[in-house]
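S.K.: So here's run-v2.csv, just CSV, C-alpha atoms:
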```
chain,number,residue,atom,x,y,z
W,1,MET,CA,101.5,132.9,136.2
W,2,ARG,CA,100.1,136.4,136.6
W,3,PRO,CA,97.5,137.6,134.0
W,4,GLU,CA,99.5,140.7,133.3
W,5,HIS,CA,102.5,138.6,132.3
W,6,TRP,CA,100.3,136.8,129.7
W,7,MET,CA,99.0,140.2,128.5
W,8,TYR,CA,102.6,141.1,127.8
W,9,THR,CA,104.0,137.9,126.4
W,10,ILE,CA,101.1,136.6,124.1
W,11,PRO,CA,101.2,139.6,121.7
W,12,LEU,CA,105.0,139.3,121.5
W,13,ARG,CA,104.8,135.6,120.6
W,14,LEU,CA,102.1,136.2,118.1
W,15,ARG,CA,104.2,138.9,116.5
W,16,SER,CA,107.2,136.6,116.5
W,17,LEU,CA,105.2,133.9,114.8
W,18,PHE,CA,103.5,136.0,112.0
W,19,ARG,CA,106.1,138.7,111.6
W,20,TRP,CA,109.2,136.5,112.2
W,21,GLY,CA,111.3,138.2,109.5
W,22,GLN,CA,110.9,141.6,111.2
W,23,ALA,CA,111.4,140.1,114.7
W,24,ASP,CA,114.7,138.4,113.5
W,25,GLN,CA,115.9,141.7,112.0
W,26,GLU,CA,115.2,143.5,115.3
W,27,LEU,CA,117.1,140.7,117.1
W,28,ASP,CA,120.1,141.2,114.8
W,29,ASP,CA,120.1,144.9,115.4
W,30,GLU,CA,119.8,144.5,119.2
W,31,LEU,CA,122.7,142.0,119.3
W,32,ARG,CA,124.9,144.2,117.0
W,33,ASP,CA,124.2,147.1,119.3
W,34,HIS,CA,125.1,145.1,122.4
W,35,LEU,CA,128.3,143.9,120.7
W,36,GLU,CA,129.3,147.4,119.8
W,37,ARG,CA,128.7,148.7,123.3
W,38,LYS,CA,130.7,145.9,124.8
W,39,THR,CA,133.6,146.5,122.3
W,40,GLN,CA,133.7,150.2,123.2
W,41,GLU,CA,133.7,149.3,126.9
W,42,TYR,CA,136.8,147.1,126.5
W,43,VAL,CA,138.5,149.7,124.3
W,44,ALA,CA,137.9,152.3,127.0
W,45,ARG,CA,139.7,149.9,129.4
W,46,GLY,CA,142.8,150.0,127.2
W,47,MET,CA,142.3,147.0,124.8
W,48,THR,CA,143.0,147.2,121.1
W,49,PRO,CA,139.8,147.3,118.9
W,50,GLU,CA,140.5,143.7,117.6
W,51,GLU,CA,141.0,142.3,121.1
W,52,ALA,CA,138.0,144.3,122.5
W,53,ARG,CA,135.8,142.9,119.7
W,54,ARG,CA,137.0,139.3,120.3
W,55,ARG,CA,136.4,139.7,124.1
W,56,ALA,CA,132.9,141.1,123.5
W,57,ARG,CA,132.0,138.1,121.2
W,58,LEU,CA,133.2,135.7,123.9
W,59,ASP,CA,131.0,137.5,126.5
W,60,LEU,CA,128.0,137.2,124.2
W,61,GLY,CA,128.6,133.5,123.8
W,62,GLY,CA,128.5,133.4,120.0
W,63,ILE,CA,126.1,135.4,117.8
W,64,GLU,CA,124.2,132.5,116.3
W,65,GLN,CA,124.0,130.6,119.6
W,66,THR,CA,122.5,133.7,121.2
W,67,LYS,CA,120.0,134.1,118.4
W,68,GLU,CA,118.8,130.5,118.9
W,69,LYS,CA,118.4,131.0,122.6
W,70,CYS,CA,116.3,134.1,122.0
W,71,ARG,CA,114.1,132.3,119.4
W,72,ASP,CA,113.6,129.4,121.9
W,73,ALA,CA,112.6,131.9,124.5
W,74,ARG,CA,109.8,133.0,122.2
W,75,ARG,CA,108.6,129.4,122.0
W,76,VAL,CA,107.7,129.6,118.4
W,77,ASN,CA,110.7,127.9,116.8
W,78,ARG,CA,108.9,124.6,116.1
W,79,ILE,CA,106.0,126.4,114.4
W,80,GLN,CA,108.4,128.4,112.3
W,81,ASP,CA,110.4,125.3,111.4
W,82,PHE,CA,107.1,123.6,110.4
W,83,PHE,CA,106.1,126.4,108.0
W,84,GLN,CA,109.6,126.5,106.6
W,85,ASP,CA,109.5,122.7,105.9
W,86,LEU,CA,106.1,123.2,104.2
W,87,ARG,CA,107.5,125.9,102.0
W,88,PHE,CA,110.5,123.8,101.1
W,89,GLY,CA,108.3,120.8,100.4
W,90,PHE,CA,106.1,122.9,98.2
W,91,ARG,CA,109.1,124.2,96.2
W,92,MET,CA,110.4,120.6,95.8
W,93,TRP,CA,107.0,119.5,94.6
W,94,ARG,CA,106.9,122.3,92.0
W,95,LYS,CA,110.3,121.3,90.7
W,96,SER,CA,109.7,117.5,90.7
W,97,PRO,CA,106.0,116.8,91.1
W,98,GLY,CA,106.3,113.2,90.1
W,99,PHE,CA,109.1,112.3,92.4
W,100,THR,CA,107.6,114.3,95.3
W,101,THR,CA,104.2,112.6,94.9
W,102,VAL,CA,105.7,109.1,94.9
W,103,ALA,CA,107.7,110.0,98.0
W,104,VAL,CA,104.7,111.4,99.8
W,105,LEU,CA,102.5,108.3,98.9
W,106,THR,CA,105.3,106.0,100.1
W,107,LEU,CA,105.4,107.8,103.4
W,108,VAL,CA,101.7,107.7,103.8
W,109,LEU,CA,101.5,104.0,103.0
W,110,GLY,CA,104.4,103.3,105.3
W,111,ILE,CA,102.9,105.2,108.2
W,112,GLY,CA,99.5,103.6,107.6
W,113,ALA,CA,100.9,100.1,107.5
W,114,ASN,CA,102.9,100.7,110.7
W,115,THR,CA,99.9,102.1,112.4
W,116,ALA,CA,97.8,99.1,111.4
W,117,ILE,CA,100.4,96.6,112.5
W,118,PHE,CA,100.9,98.4,115.9
W,119,SER,CA,97.1,98.4,116.4
W,120,ILE,CA,97.0,94.7,115.9
W,121,VAL,CA,100.1,94.0,118.1
W,122,ASN,CA,98.8,96.3,120.8
W,123,ALA,CA,95.3,94.7,120.8
W,124,VAL,CA,96.5,91.1,120.7
W,125,LEU,CA,99.9,91.1,122.4
W,126,LEU,CA,100.5,94.2,124.5
W,127,ARG,CA,97.2,95.0,126.1
W,128,PRO,CA,95.5,92.4,128.3
W,129,LEU,CA,92.7,90.7,126.5
W,130,PRO,CA,89.3,92.3,127.4
W,131,PHE,CA,87.9,89.0,128.7
W,132,LYS,CA,87.5,87.3,132.0
W,133,ASP,CA,90.7,85.9,133.6
W,134,SER,CA,92.4,86.4,130.2
W,135,GLN,CA,95.8,85.2,131.3
W,136,ARG,CA,94.6,81.6,131.2
W,137,LEU,CA,93.0,81.8,127.7
W,138,VAL,CA,94.9,80.0,125.0
W,139,LEU,CA,94.3,79.8,121.2
W,140,LEU,CA,94.8,76.2,120.1
W,141,HIS,CA,96.0,74.8,116.8
W,142,GLU,CA,96.6,71.4,115.3
W,143,GLY,CA,99.1,70.7,112.6
W,144,LEU,CA,100.4,68.4,109.9
W,145,PRO,CA,104.1,69.3,109.8
W,146,LYS,CA,105.1,66.4,107.6
W,147,ILE,CA,103.1,67.7,104.7
W,148,GLY,CA,103.9,71.4,105.3
W,149,PHE,CA,101.1,72.5,107.6
W,150,PRO,CA,102.7,73.0,111.1
W,151,LYS,CA,99.9,75.2,112.4
W,152,MET,CA,96.2,75.1,111.3
W,153,SER,CA,92.7,75.3,112.5
W,154,PHE,CA,90.7,72.2,113.7
W,155,SER,CA,88.3,70.1,111.7
W,156,PRO,CA,85.0,69.3,113.5
W,157,PRO,CA,85.9,65.6,114.1
W,158,ASP,CA,89.4,66.5,115.3
W,159,PHE,CA,87.9,69.0,117.8
W,160,ALA,CA,85.4,66.4,119.0
W,161,VAL,CA,88.3,64.1,119.9
W,162,LEU,CA,90.2,66.9,121.6
W,163,ALA,CA,87.1,67.9,123.7
W,164,ARG,CA,86.6,64.3,124.7
W,165,GLU,CA,90.2,63.4,125.5
W,166,GLN,CA,91.9,66.6,126.8
W,167,LYS,CA,92.7,67.1,130.5
W,168,SER,CA,94.4,70.5,130.5
W,169,PHE,CA,91.5,72.9,129.9
W,170,SER,CA,88.5,73.6,132.1
W,171,GLU,CA,86.6,75.1,129.2
W,172,LEU,CA,86.8,75.0,125.4
W,173,GLY,CA,85.0,77.2,122.9
W,174,THR,CA,85.0,77.3,119.1
W,175,PHE,CA,84.3,79.9,116.4
W,176,LEU,CA,84.3,80.1,112.6
W,177,ASN,CA,83.8,83.3,110.6
W,178,GLU,CA,81.7,83.3,107.4
W,179,ARG,CA,80.3,86.0,105.2
W,180,MET,CA,76.6,86.1,104.6
W,181,ASP,CA,73.9,88.3,103.2
W,182,ILE,CA,71.6,89.8,105.8
W,183,SER,CA,68.1,91.0,104.8
W,184,GLY,CA,64.6,91.4,106.4
W,185,GLN,CA,64.7,95.1,107.2
W,186,GLY,CA,66.1,97.7,104.8
W,187,GLU,CA,68.5,97.0,102.0
W,188,PRO,CA,70.4,93.6,101.9
W,189,ASP,CA,73.9,93.8,103.2
W,190,ARG,CA,77.0,91.6,103.4
W,191,VAL,CA,78.1,90.9,107.0
W,192,ILE,CA,80.6,88.8,108.9
W,193,VAL,CA,78.8,86.1,110.8
W,194,SER,CA,80.7,84.1,113.4
W,195,ARG,CA,79.5,80.6,114.2
W,196,VAL,CA,80.3,80.0,117.9
W,197,SER,CA,79.8,77.2,120.4
W,198,ALA,CA,77.4,77.8,123.2
W,199,THR,CA,80.4,77.6,125.6
W,200,LEU,CA,82.3,80.6,124.1
W,201,PHE,CA,80.4,83.6,125.6
W,202,PRO,CA,80.4,82.2,129.2
W,203,MET,CA,84.1,81.3,128.9
W,204,LEU,CA,84.9,84.8,127.9
W,205,GLY,CA,82.8,86.3,130.6
W,206,ALA,CA,80.7,88.1,128.0
W,207,GLN,CA,77.2,89.3,129.1
W,208,PRO,CA,74.7,90.7,126.6
W,209,LYS,CA,73.3,94.2,126.7
W,210,LEU,CA,69.9,92.8,125.7
W,211,GLY,CA,68.5,89.3,125.8
W,212,ARG,CA,70.7,86.2,126.4
W,213,THR,CA,73.5,84.2,124.9
W,214,PHE,CA,73.2,80.7,123.4
W,215,SER,CA,72.0,77.7,125.4
W,216,PRO,CA,73.6,74.3,125.2
W,217,GLU,CA,70.5,73.0,123.4
W,218,GLU,CA,71.0,75.6,120.6
W,219,ASP,CA,74.5,74.2,119.8
W,220,ALA,CA,72.8,71.5,117.8
W,221,PRO,CA,71.4,71.9,114.2
W,222,GLY,CA,67.8,73.2,114.0
W,223,HIS,CA,68.0,76.2,116.2
W,224,PRO,CA,68.2,79.3,114.0
W,225,VAL,CA,68.9,82.1,116.5
W,226,ALA,CA,71.3,85.0,116.3
W,227,ILE,CA,73.0,87.6,118.6
W,228,LEU,CA,73.7,91.0,117.1
W,229,SER,CA,76.8,93.1,117.7
W,230,TYR,CA,76.2,96.6,119.1
W,231,ALA,CA,77.5,98.2,115.9
W,232,LEU,CA,75.1,96.2,113.7
W,233,TRP,CA,72.2,96.8,116.1
W,234,GLN,CA,72.8,100.6,115.8
W,235,ARG,CA,73.6,100.7,112.1
W,236,ARG,CA,70.9,98.5,110.7
W,237,TYR,CA,68.2,98.6,113.3
W,238,GLY,CA,68.7,102.1,114.8
W,239,GLY,CA,69.2,100.7,118.4
W,240,ASN,CA,65.6,99.4,118.5
W,241,ALA,CA,65.1,98.1,122.0
W,242,ASN,CA,62.3,95.8,120.7
W,243,ILE,CA,64.7,93.9,118.4
W,244,LEU,CA,64.5,90.8,120.6
W,245,GLY,CA,62.2,88.2,119.0
W,246,GLN,CA,62.3,89.8,115.6
W,247,GLN,CA,63.2,87.7,112.5
W,248,ILE,CA,66.1,88.4,110.2
W,249,ALA,CA,67.3,86.5,107.2
W,250,LEU,CA,70.9,85.2,106.7
W,251,ASP,CA,71.5,83.9,103.2
W,252,ARG,CA,67.7,83.9,102.9
W,253,GLN,CA,67.3,81.6,106.0
W,254,PRO,CA,65.2,82.9,108.9
W,255,TYR,CA,66.9,83.6,112.3
W,256,ILE,CA,65.4,84.9,115.5
W,257,VAL,CA,67.3,87.6,117.4
W,258,ILE,CA,67.8,86.6,121.0
W,259,GLY,CA,70.4,89.1,122.2
W,260,VAL,CA,72.6,92.1,121.6
W,261,MET,CA,76.1,92.4,122.8
W,262,PRO,CA,77.4,95.6,124.5
W,263,ARG,CA,79.4,98.2,122.7
W,264,GLN,CA,82.8,97.2,124.1
W,265,PHE,CA,82.5,93.5,123.2
W,266,VAL,CA,84.5,92.6,120.1
W,267,PHE,CA,85.1,89.0,118.9
W,268,PRO,CA,87.1,87.7,117.2
W,269,LEU,CA,89.7,90.3,118.1
W,270,PRO,CA,91.5,91.8,115.0
W,271,GLY,CA,94.5,89.7,114.1
W,272,LEU,CA,93.5,86.8,116.4
W,273,VAL,CA,93.3,84.4,113.5
W,274,PRO,CA,93.9,84.7,109.7
W,275,ASN,CA,90.8,86.4,108.1
W,276,GLY,CA,89.4,86.7,111.6
W,277,SER,CA,87.7,90.1,111.4
W,278,PRO,CA,85.4,91.1,114.2
W,279,ALA,CA,81.9,89.7,113.7
W,280,ASP,CA,78.8,91.7,113.0
W,281,LEU,CA,76.6,88.9,114.6
W,282,TRP,CA,76.9,85.4,116.0
W,283,VAL,CA,74.9,82.2,115.4
W,284,PRO,CA,75.3,78.8,117.0
W,285,MET,CA,78.1,76.6,115.7
W,286,ALA,CA,75.6,73.8,115.3
W,287,VAL,CA,78.0,71.2,113.8
W,288,SER,CA,76.0,68.8,111.6
W,289,PRO,CA,76.5,65.0,111.6
W,290,ALA,CA,77.9,65.2,108.1
W,291,GLU,CA,80.6,67.7,109.3
W,292,LEU,CA,81.5,65.4,112.1
W,293,GLN,CA,82.4,62.8,109.5
W,294,GLU,CA,84.7,65.1,107.5
W,295,TRP,CA,88.0,63.5,108.6
W,296,GLY,CA,90.9,65.1,106.8
W,297,GLY,CA,89.0,68.2,105.7
W,298,LEU,CA,87.3,71.4,106.8
W,299,TYR,CA,90.2,72.6,108.8
W,300,MET,CA,88.5,76.0,109.6
W,301,THR,CA,87.3,75.9,113.2
W,302,SER,CA,89.3,78.0,115.6
W,303,VAL,CA,89.5,76.8,119.2
W,304,VAL,CA,90.0,78.8,122.4
W,305,GLY,CA,90.7,77.0,125.7
W,306,ARG,CA,90.9,78.1,129.4
W,307,LEU,CA,93.7,76.4,131.2
W,308,ARG,CA,92.9,74.7,134.5
W,309,ARG,CA,94.2,76.4,137.5
W,310,GLY,CA,97.6,75.0,138.4
W,311,GLY,CA,97.9,73.5,134.9
```
Written as structure tokens, how would this file's structure read?
M.R.:
Amino acid sequence: MRPEHWMYTIPLRLRSLFRWGQADQELDDELRDHLERKTQEYVARGMTPEEARRRARLDLGGIEQTKEKCRDARRVNRIQDFFQDLRFGFRMWRKSPGFTTVAVLTLVLGIGANTAIFSIVNAVLLRPLPFKDSQRLVLLHEGLPKIGFPKMSFSPPDFAVLAREQKSFSELGTFLNERMDISGQGEPDRVIVSRVSATLFPMLGAQPKLGRTFSPEEDAPGHPVAILSYALWQRRYGGNANILGQQIALDRQPYIVIGVMPRQFVFPLPGLVPNGSPADLWVPMAVSPAELQEWGGLYMTSVVGRLRRGG
């Protein structure tokens, strides 16, 4: 579009937006003048004044319809409607402040809830999972339907049996979220710590930004090591590149930082499991001998499996 066209149209649209009352009055005057000239033209052709006016209106296509077409041509109708809605809403609020406030809060809560639900559905169901070969990843459950628990997490001894006996999965990984106090540098803070098996990060195809992930040996008790999320690394430690090897305290127990995950890595994904918020850091699952004897209890361990090809 030529620059001279914009130099002509932009002032007109701004005038229509901020002085729309005057612009509408000028539009009325122009349409009335056009209607009168058309009427006189038809009278001069021999029509009666009533017939000439009716014919002129037909040629014009309806006064109100023509006004709307002209307003649309200005391309400011939506903005005008928005400001008119704001004025109407303000008048209603002044007349009934209590009712209007409740209605607005209801809308805000409804929109917020829908946005949150869509975000979870989009992340978990619609978008492909941001992990390696994600179409073969499966979240596993066990259940006790006869006593009203058709779908539940695994207990450590039940998972040990599954891992030993199953034939359908090439890899299995476990995780369990807990809340812990972190200290050691700066003020203590409450964070989400995810206990994960050493197999989980390799199964997801997750590579750390700094350091390494857990080794199989560290999946046993007695190896207090930790991997930080990118967000916690930035927030608490200022992105210190020398964080590896430093000691932190989780519930007053010392842990050594061995890795930092990249910014885009999030696990567990929001909504993946009940109360499964994304972790701030990860530590080894390190199931103890006592936990392996807890038959019929501790149904808290979530399990992810990778289906065998062709399975």
S.K.: Taking 5 positions as the minimum chain separation for residues in the same chain, which residues sit within 9 Å of W:Arg179 when counting only C-alpha atoms? Answer as a list in words.
M.R.: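 Answer for this query is Arg190, Val191, Ile192, Val193 and Ser194 of chain W.
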S.K.: Choose the residue, out of W:Glu36, W:Leu250, W:Asp280, W:Asp219, that has the smallest atom-to-atom separation from W:Glu50; count only C-alpha atoms.
M.R.: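 When distances to W:Glu50 are compared using only C-alpha atoms, the smallest one comes from W:Glu36.
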S.K.: To one decimal place in Å, what is the distance between atom CA of W:Gly143 and atom CA of W:Ala163?
M.R.: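 If I compute the distance from atom CA of W:Gly143 to atom CA of W:Ala163, I get 16.6 Å.
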S.K.: Figure out the distance between atom CA of W:Glu142 and atom CA of W:Val161, please, to one decimal in Å.
M.R.: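 Computing it gives 12.0 Å between the two atoms.
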S.K.: Every residue with an atom at most 12 Å from (90.3, 61.0, 106.8) (file coordinates; all atoms listed in the file) is what I'm after, so could you write them as a list in words?
M.R.: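 Every residue inside that radius is included here: Ser155, Pro156, Pro157, Asp158, Leu292, Gln293, Glu294, Trp295, Gly296, Gly297, Leu298 and Tyr299 of chain W.
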S.K.: Neighbourhood query: residues within 12 Å of (132.9, 141.5, 124.4), file coordinates, counting all atoms listed in the file; return as an MDAnalysis selection string.
M.R.: chainID W and resid 31:43 45 47 49:63
S.K.: Nearest to W:Val287 among W:Leu269, W:Ile182, W:Leu176, W:Ala231, with distances taken over only C-alpha atoms: which residue is it?
M.R.: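 Ranking W:Leu269, W:Ile182, W:Leu176, W:Ala231 by distance to W:Val287, first place goes to W:Leu176.
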S.K.: With all atoms listed in the file as the atoms that count, which of W:Thr213, W:Thr301, W:Gln234, W:Ser229 lies nearest to W:Ile258?
M.R.: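 Result for the nearest residue to W:Ile258: W:Thr213.
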S.K.: At what distance in Å, to one decimal, does atom CA of W:Gln246 lie from atom CA of W:Ser215?
M.R.: 18.3 Å
S.K.: I need the residue nearest W:Gln247 from this list: W:Ser183, W:Asn177, W:Ser170, W:Ser96. Use all atoms listed in the file for the distance.
M.R.: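 Among W:Ser183, W:Asn177, W:Ser170, W:Ser96, it is W:Ser183 that comes nearest to W:Gln247.
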S.K.: Extract, using all atoms listed in the file, all DNA, RNA and protein residues at most 7 Å from W:Pro278, discarding same-chain residues fewer than 2 positions from it, and format them as a PyMOL selection string.
M.R.: chain W and resi 266-270+276+280
S.K.: Just checking: using only C-alpha atoms, which residue out of W:Met152, W:Leu162, W:Leu200, W:Ala286 ends up closest to W:Lys132?
M.R.: W:Leu200
S.K.: Pick the closest to W:Ala198 from W:Pro216, W:Pro97, W:Gly186, W:Pro221: which is it, counting all atoms listed in the file?
M.R.: W:Pro216
S.K.: Which residues are near W:Asn240? Cut-off 12 Å, only C-alpha atoms, ignore same chain within fewer than 3 positions. Put them as a list in words.
M.R.: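 Non-adjacent residues within range: Leu210, Leu228, Tyr230, Leu232, Trp233, Gln234, Arg235, Arg236, Tyr237, Ile243, Leu244, Gly245, Gln246, Val257, Gly259 and Val260 of chain W.
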S.K.: Please, could you write that set of residues out with C-alpha atoms as a PDB file, in the frame of the given file?
M.R.:
```pdb
ATOM      1  CA  LEU W 210      69.900  92.800 125.700  1.00  0.00           C
ATOM      2  CA  LEU W 228      73.700  91.000 117.100  1.00  0.00           C
ATOM      3  CA  TYR W 230      76.200  96.600 119.100  1.00  0.00           C
ATOM      4  CA  LEU W 232      75.100  96.200 113.700  1.00  0.00           C
ATOM      5  CA  TRP W 233      72.200  96.800 116.100  1.00  0.00           C
ATOM      6  CA  GLN W 234      72.800 100.600 115.800  1.00  0.00           C
ATOM      7  CA  ARG W 235      73.600 100.700 112.100  1.00  0.00           C
ATOM      8  CA  ARG W 236      70.900  98.500 110.700  1.00  0.00           C
ATOM      9  CA  TYR W 237      68.200  98.600 113.300  1.00  0.00           C
ATOM     10  CA  ILE W 243      64.700  93.900 118.400  1.00  0.00           C
ATOM     11  CA  LEU W 244      64.500  90.800 120.600  1.00  0.00           C
ATOM     12  CA  GLY W 245      62.200  88.200 119.000  1.00  0.00           C
ATOM     13  CA  GLN W 246      62.300  89.800 115.600  1.00  0.00           C
ATOM     14  CA  VAL W 257      67.300  87.600 117.400  1.00  0.00           C
ATOM     15  CA  GLY W 259      70.400  89.100 122.200  1.00  0.00           C
ATOM     16  CA  VAL W 260      72.600  92.100 121.600  1.00  0.00           C
TER      17      VAL W 260
END
```
S.K.: Excluding stretch 302-306 of chain W and its own-chain neighbours fewer than 4 positions away, which residues fall within 8 Å of it when counting only C-alpha atoms? Please give them as a list in words.
M.R.: Arg136, Leu137, Val138, Leu139, Leu140, His141, Ser153, Phe154, Phe169, Ser170, Glu171, Leu172, Gly173, Thr174, Phe175, Leu176, Met203 and Val273 of chain W
